[in-house]
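For reference, the structure discussed in these notes is given below.
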Amino acid sequence: MAKAASEKNTRTWSEVLPERKAAIPEGLWLRCTSCTKMVYRRHLEANLHVCPECGFHNRISATERIRQLADEGSFQELFTGLAPTDPLQFKDLKAYKDRLLSEQIKTGAQDAIKAGTMFIKGREALVCCLDLTFMMGSMGSVVGEVITRAIEHATKTGLPLVIVSCSGGARMQESGLSLMQMAKTSAALAKFDNAGGLFISVLTDPTTGGVTASFAMLGDVILAEPNALIGFAGPRVIQQTIRQELPEGFQRAEFLKKSGLVDRVVPRSQLRSEIARIIDYTGK
């Protein structure tokens with residue numbers, strides 16, 4: 001009996017006690033990149049991905065943006081059959097065709113844009129959203145073509161046009177083909193304006209490069225999210241070029257509003273109401 005008891009007592013704690021599970025599931029809490037405070041993921045999502053502690057507006061995908069803007073179940077996607085190609089057979093650190101495939105697998109999207117009709121608080125509009133999760137929302141031939149078709153559709157139907165921009169600029173892998181989209185989208189907007197259409201441009205973080213130099217700054221009304229980076233070249237490049245210290249908050253939404261380049265800085269929670277109010281005001 002003594003021998004049996006001795007053998008029983010040699011069992012390790014890992015054999016006696018049940019396996020402990022992690023107290024906090026991974027990803028349940030997130031650290032805000034602005035105030036560095038820990039934020040409960042579900043609270044952040046319920047707050048439209050805006051930090052409830054400091055109000056920092058996190059970047060979101062085109063899919064999430066549409067979910068936030070559209071009345072439930074009202075979004076009807078258009079121009080879904082367009083996919084990018086590699087006519088220049090471009091290669092940097094990675095072949096462009098391989099980069100495209102990787103981005104398509106990662107995001108489940110063909111390119112860096114979603115467009116379609118939706119109702120925003122009962123007002124029908126044609127909305128385009130650039131997608132920062134796909135190659136930094138860069139504008140290649142597909143992005144330019146979708147925006148142009150959306151503008152032409154809005155011209156034909158008389159719908160208000162809303163474009164939500166978030167982009168690193170023209171897509172370098174398509175070279176001159178991407179730069180041509182600046183002129184193409186701007187020309188389509190000129191026809192839309194001549195037809196009396198309403199174009200609301202929404203600038204989010206970041207809106208830079210060829211997107212800023214074309215359709216993003218051509219809105220009848222230009223809205224921006226708080227603290228969004230908006231500009232053509234980055235502030236560091238500008239500072240090195242002019243060799244002068246830049247003002248505090250340079251190229252941020254609030255600075256551009258004071259300079260007259262942005263009409264209103266609108267928190268994400270108020271964006272739906274603001275767009276609906278503008279549509280009502282203009283009677284479009």
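Chains: A, B, ... in order of the structure tokens. Residues: from 1 per chain. Ligands: from 1, in order shown.
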Can you list every residue in region 102-135 of chain A that DSSP puts in helix (DSSP H, G or I), as a short mmCIF file (atom, residue, chain, number, x, y, z; two decimals) with C-alpha atoms, in the first residue's frame?
```cif
data_model
loop_
_atom_site.label_atom_id
_atom_site.label_comp_id
_atom_site.auth_asym_id
_atom_site.auth_seq_id
_atom_site.Cartn_x
_atom_site.Cartn_y
_atom_site.Cartn_z
CA SER A 102 -1.41 38.54 -53.69
CA GLU A 103 -3.57 41.61 -53.02
CA GLN A 104 -6.65 39.98 -54.55
CA ILE A 105 -6.24 36.90 -52.36
CA LYS A 106 -5.67 39.04 -49.26
CA THR A 107 -8.64 41.38 -49.76
CA MET A 135 -2.14 48.44 -52.57
#
```
Self-check item: Contacts of region 67-74 of chain A within 10 Å, only C-alpha atoms, excl. fewer than 2 positions in-chain, as a ChimeraX atom specification
Solution: /A:48,61-65,76-77,116-125,127,268-269,271-273,275
Store the residues picked out above, limited to N, CA and C atoms, as a CSV table (one decimal), in the first residue's frame.
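As written to disk, out.csv reads:
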```
chain,number,residue,atom,x,y,z
A,48,LEU,N,-17.6,53.0,-34.8
A,48,LEU,CA,-17.2,53.2,-36.2
A,48,LEU,C,-15.7,53.2,-36.4
A,61,SER,N,-11.6,49.8,-44.4
A,61,SER,CA,-11.7,49.3,-45.8
A,61,SER,C,-12.9,49.9,-46.5
A,62,ALA,N,-13.0,49.7,-47.8
A,62,ALA,CA,-14.1,50.2,-48.6
A,62,ALA,C,-15.4,49.5,-48.2
A,63,THR,N,-15.3,48.2,-47.9
A,63,THR,CA,-16.4,47.4,-47.5
A,63,THR,C,-17.0,48.0,-46.2
A,64,GLU,N,-16.1,48.3,-45.2
A,64,GLU,CA,-16.6,48.8,-43.9
A,64,GLU,C,-17.2,50.2,-44.1
A,65,ARG,N,-16.6,51.0,-45.0
A,65,ARG,CA,-17.1,52.4,-45.3
A,65,ARG,C,-18.5,52.3,-45.8
A,76,GLN,N,-26.2,48.5,-53.9
A,76,GLN,CA,-26.2,47.7,-55.1
A,76,GLN,C,-24.9,48.0,-55.9
A,77,GLU,N,-24.0,47.0,-55.8
A,77,GLU,CA,-22.6,47.2,-56.4
A,77,GLU,C,-22.7,47.2,-57.9
A,116,GLY,N,-21.2,51.8,-56.3
A,116,GLY,CA,-22.6,51.3,-56.5
A,116,GLY,C,-23.6,52.4,-56.0
A,117,THR,N,-24.9,52.0,-56.2
A,117,THR,CA,-25.9,52.9,-55.7
A,117,THR,C,-26.3,52.5,-54.3
A,118,MET,N,-26.7,53.5,-53.5
A,118,MET,CA,-27.2,53.2,-52.1
A,118,MET,C,-28.1,54.3,-51.6
A,119,PHE,N,-28.8,54.0,-50.6
A,119,PHE,CA,-29.6,55.1,-49.9
A,119,PHE,C,-28.8,55.5,-48.6
A,120,ILE,N,-28.7,56.8,-48.5
A,120,ILE,CA,-28.0,57.4,-47.3
A,120,ILE,C,-29.1,58.2,-46.5
A,121,LYS,N,-29.6,57.6,-45.5
A,121,LYS,CA,-30.7,58.2,-44.7
A,121,LYS,C,-31.9,58.5,-45.7
A,122,GLY,N,-32.2,57.6,-46.6
A,122,GLY,CA,-33.3,57.7,-47.5
A,122,GLY,C,-33.0,58.4,-48.7
A,123,ARG,N,-31.8,59.0,-48.9
A,123,ARG,CA,-31.5,59.7,-50.1
A,123,ARG,C,-30.7,58.8,-51.0
A,124,GLU,N,-31.1,58.6,-52.2
A,124,GLU,CA,-30.4,57.8,-53.2
A,124,GLU,C,-29.2,58.5,-53.7
A,125,ALA,N,-28.0,57.8,-53.8
A,125,ALA,CA,-26.8,58.4,-54.3
A,125,ALA,C,-25.9,57.3,-54.9
A,127,VAL,N,-22.2,56.0,-55.0
A,127,VAL,CA,-21.0,56.2,-54.1
A,127,VAL,C,-19.9,55.3,-54.6
A,268,ARG,N,-16.6,61.0,-38.2
A,268,ARG,CA,-17.2,59.9,-38.9
A,268,ARG,C,-18.7,59.6,-38.5
A,269,SER,N,-18.9,59.9,-37.2
A,269,SER,CA,-20.3,59.6,-36.7
A,269,SER,C,-21.3,60.5,-37.3
A,271,LEU,N,-21.0,61.8,-40.5
A,271,LEU,CA,-20.9,61.9,-42.0
A,271,LEU,C,-22.1,61.5,-42.7
A,272,ARG,N,-22.9,60.5,-42.3
A,272,ARG,CA,-24.1,60.2,-43.0
A,272,ARG,C,-25.1,61.3,-43.0
A,273,SER,N,-25.3,61.9,-41.8
A,273,SER,CA,-26.2,63.0,-41.7
A,273,SER,C,-25.8,64.2,-42.5
A,275,ILE,N,-23.9,64.3,-45.3
A,275,ILE,CA,-24.1,64.0,-46.7
A,275,ILE,C,-25.6,64.1,-47.1
```
Quiz item: Of the residues A:Gly260, A:Pro247, A:Gly210, A:Pro160, which is the one nearest to Ser175 (chain A), using only C-alpha atoms?
Solution: A:Gly210
Quiz prompt | Surrounding residues of Gly234 (chain A) excluding itself and chain neighbours under 5 positions, 12 Å, only C-alpha atoms, as an MDAnalysis selection string | solution = chainID A and resid 168:169 206:209 212 229 239:241 246 250:252
Written file, previous selection with N, CA and C atoms, as a tab-separated table (two decimals), in the first residue's frame:
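Final file, result.tsv:
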```tsv
chain	number	residue	atom	x	y	z
A	168	GLY	N	-2.78	56.39	-51.68
A	168	GLY	CA	-1.41	56.84	-51.74
A	168	GLY	C	-1.08	57.52	-53.05
A	169	GLY	N	-2.05	57.60	-53.98
A	169	GLY	CA	-1.83	58.30	-55.25
A	169	GLY	C	-1.90	57.36	-56.44
A	206	PRO	N	-5.09	58.35	-45.74
A	206	PRO	CA	-4.56	59.56	-46.37
A	206	PRO	C	-5.20	59.78	-47.74
A	207	THR	N	-5.21	61.02	-48.21
A	207	THR	CA	-5.59	61.33	-49.59
A	207	THR	C	-4.43	62.11	-50.19
A	208	THR	N	-3.65	61.45	-51.05
A	208	THR	CA	-2.40	62.05	-51.52
A	208	THR	C	-2.17	61.77	-53.01
A	209	GLY	N	-1.12	62.37	-53.54
A	209	GLY	CA	-0.66	62.10	-54.90
A	209	GLY	C	-1.67	62.46	-55.98
A	212	THR	N	-5.38	63.31	-55.12
A	212	THR	CA	-5.57	64.69	-54.68
A	212	THR	C	-5.48	65.65	-55.87
A	229	LEU	N	-4.65	63.16	-43.44
A	229	LEU	CA	-3.52	63.69	-44.21
A	229	LEU	C	-3.98	63.91	-45.64
A	239	GLN	N	9.26	69.89	-47.23
A	239	GLN	CA	10.19	70.58	-46.34
A	239	GLN	C	11.62	70.52	-46.89
A	240	GLN	N	12.00	69.37	-47.44
A	240	GLN	CA	13.33	69.24	-48.01
A	240	GLN	C	13.49	70.07	-49.28
A	241	THR	N	12.37	70.26	-50.00
A	241	THR	CA	12.42	71.03	-51.25
A	241	THR	C	12.53	72.53	-50.99
A	246	LEU	N	7.78	73.69	-41.72
A	246	LEU	CA	6.37	73.74	-42.08
A	246	LEU	C	5.53	74.06	-40.84
A	250	PHE	N	0.47	70.95	-40.72
A	250	PHE	CA	0.51	71.12	-42.18
A	250	PHE	C	-0.01	69.88	-42.88
A	251	GLN	N	-0.89	70.08	-43.88
A	251	GLN	CA	-1.51	69.03	-44.69
A	251	GLN	C	-2.52	68.18	-43.92
A	252	ARG	N	-2.91	68.61	-42.76
A	252	ARG	CA	-3.99	67.93	-42.05
A	252	ARG	C	-5.31	68.62	-42.35
```
Practice problem: Using DSSP on the backbone, list every residue of region 137-274 of chain A that comes out as strand (DSSP E or B), and give them as an MDAnalysis selection string. | Solution: chainID A and resid 139 161:167 170 199:207 221:224 229:230 252 264:265
Exercise. Could you tell me which of A:Gln173, A:Lys114, A:Met217, A:Ile242 comes closest to Leu93 (chain A) if we count only C-alpha atoms?
Key: A:Gln173
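Comparing A:Ala195, A:Leu82, A:Ala112, A:Val142 by their smallest distance to Leu177 (chain A), the closest is A:Val142 (using only C-alpha atoms).
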Would you kindly return, as a tab-separated table (two decimals) with N, CA and C atoms, in the first residue's frame, each protein, DNA or RNA residue with an atom no farther than 12 Å from any atom of Gly158 (chain A), considering only C-alpha atoms and excluding same-chain residues fewer than 2 positions away?
```tsv
chain	number	residue	atom	x	y	z
A	124	GLU	N	-31.11	58.62	-52.24
A	124	GLU	CA	-30.36	57.75	-53.15
A	124	GLU	C	-29.16	58.50	-53.70
A	125	ALA	N	-28.03	57.81	-53.78
A	125	ALA	CA	-26.80	58.40	-54.30
A	125	ALA	C	-25.95	57.31	-54.94
A	126	LEU	N	-25.02	57.74	-55.79
A	126	LEU	CA	-24.03	56.84	-56.37
A	126	LEU	C	-22.72	57.08	-55.62
A	150	ALA	N	-18.80	55.52	-63.03
A	150	ALA	CA	-19.72	55.98	-61.99
A	150	ALA	C	-20.17	57.41	-62.26
A	151	ILE	N	-19.24	58.26	-62.65
A	151	ILE	CA	-19.58	59.66	-62.96
A	151	ILE	C	-20.54	59.71	-64.14
A	152	GLU	N	-20.27	58.93	-65.18
A	152	GLU	CA	-21.15	58.91	-66.35
A	152	GLU	C	-22.54	58.37	-65.99
A	153	HIS	N	-22.58	57.38	-65.11
A	153	HIS	CA	-23.87	56.83	-64.68
A	153	HIS	C	-24.65	57.88	-63.88
A	154	ALA	N	-23.95	58.60	-63.02
A	154	ALA	CA	-24.60	59.66	-62.24
A	154	ALA	C	-25.08	60.79	-63.15
A	155	THR	N	-24.33	61.08	-64.21
A	155	THR	CA	-24.74	62.10	-65.17
A	155	THR	C	-26.03	61.69	-65.88
A	156	LYS	N	-26.09	60.41	-66.24
A	156	LYS	CA	-27.24	59.90	-66.97
A	156	LYS	C	-28.49	59.81	-66.09
A	160	PRO	N	-26.98	62.14	-57.13
A	160	PRO	CA	-25.82	62.77	-56.50
A	160	PRO	C	-24.65	61.78	-56.47
A	161	LEU	N	-23.44	62.30	-56.58
A	161	LEU	CA	-22.24	61.47	-56.60
A	161	LEU	C	-21.41	61.72	-55.34
A	192	PHE	N	-20.17	66.17	-65.92
A	192	PHE	CA	-21.14	65.99	-64.84
A	192	PHE	C	-21.55	67.35	-64.27
A	193	ASP	N	-20.57	68.23	-64.12
A	193	ASP	CA	-20.85	69.57	-63.59
A	193	ASP	C	-21.69	70.38	-64.58
A	194	ASN	N	-21.38	70.27	-65.87
A	194	ASN	CA	-22.16	70.98	-66.88
A	194	ASN	C	-23.61	70.51	-66.92
A	195	ALA	N	-23.82	69.24	-66.53
A	195	ALA	CA	-25.18	68.70	-66.50
A	195	ALA	C	-25.91	69.06	-65.21
A	196	GLY	N	-25.23	69.78	-64.32
A	196	GLY	CA	-25.86	70.22	-63.08
A	196	GLY	C	-25.81	69.21	-61.95
A	197	GLY	N	-24.90	68.26	-62.05
A	197	GLY	CA	-24.81	67.21	-61.02
A	197	GLY	C	-24.16	67.69	-59.74
A	198	LEU	N	-24.46	67.01	-58.65
A	198	LEU	CA	-23.87	67.31	-57.35
A	198	LEU	C	-22.80	66.28	-57.03
A	199	PHE	N	-21.59	66.76	-56.75
A	199	PHE	CA	-20.47	65.89	-56.40
A	199	PHE	C	-19.97	66.24	-55.01
A	283	GLY	N	-31.11	70.02	-53.31
A	283	GLY	CA	-32.29	69.56	-54.03
A	283	GLY	C	-32.00	68.55	-55.11
A	284	LYS	N	-30.85	67.88	-55.02
A	284	LYS	CA	-30.49	66.90	-56.05
A	284	LYS	C	-31.15	65.56	-55.77
```
Exercise. Give the answer as one residue: which of A:Leu256, A:Val221, A:Ile163, A:Ala216 has the shortest atom-to-atom distance to Ile279 (chain A), using only C-alpha atoms?
Key: A:Val221
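Shortest separation to Val262 (chain A) among A:Ala224, A:Ile200, A:Ala188, A:Cys128 occurs at residue A:Ala224, atoms counted being only C-alpha atoms.
Each of A:Ser178, A:Gln89, A:Ser259, A:Gln270 was compared to Ser141 (chain A) using only C-alpha atoms, and A:Ser178 turns out to be the nearest.
The interatomic distance for the pair CA of Glu45 (chain A) and CA of Leu132 (chain A) works out to 17.8 Å.
A straight line drawn from CA of Ala253 (chain A) to CA of Phe75 (chain A) is 28.2 Å long.
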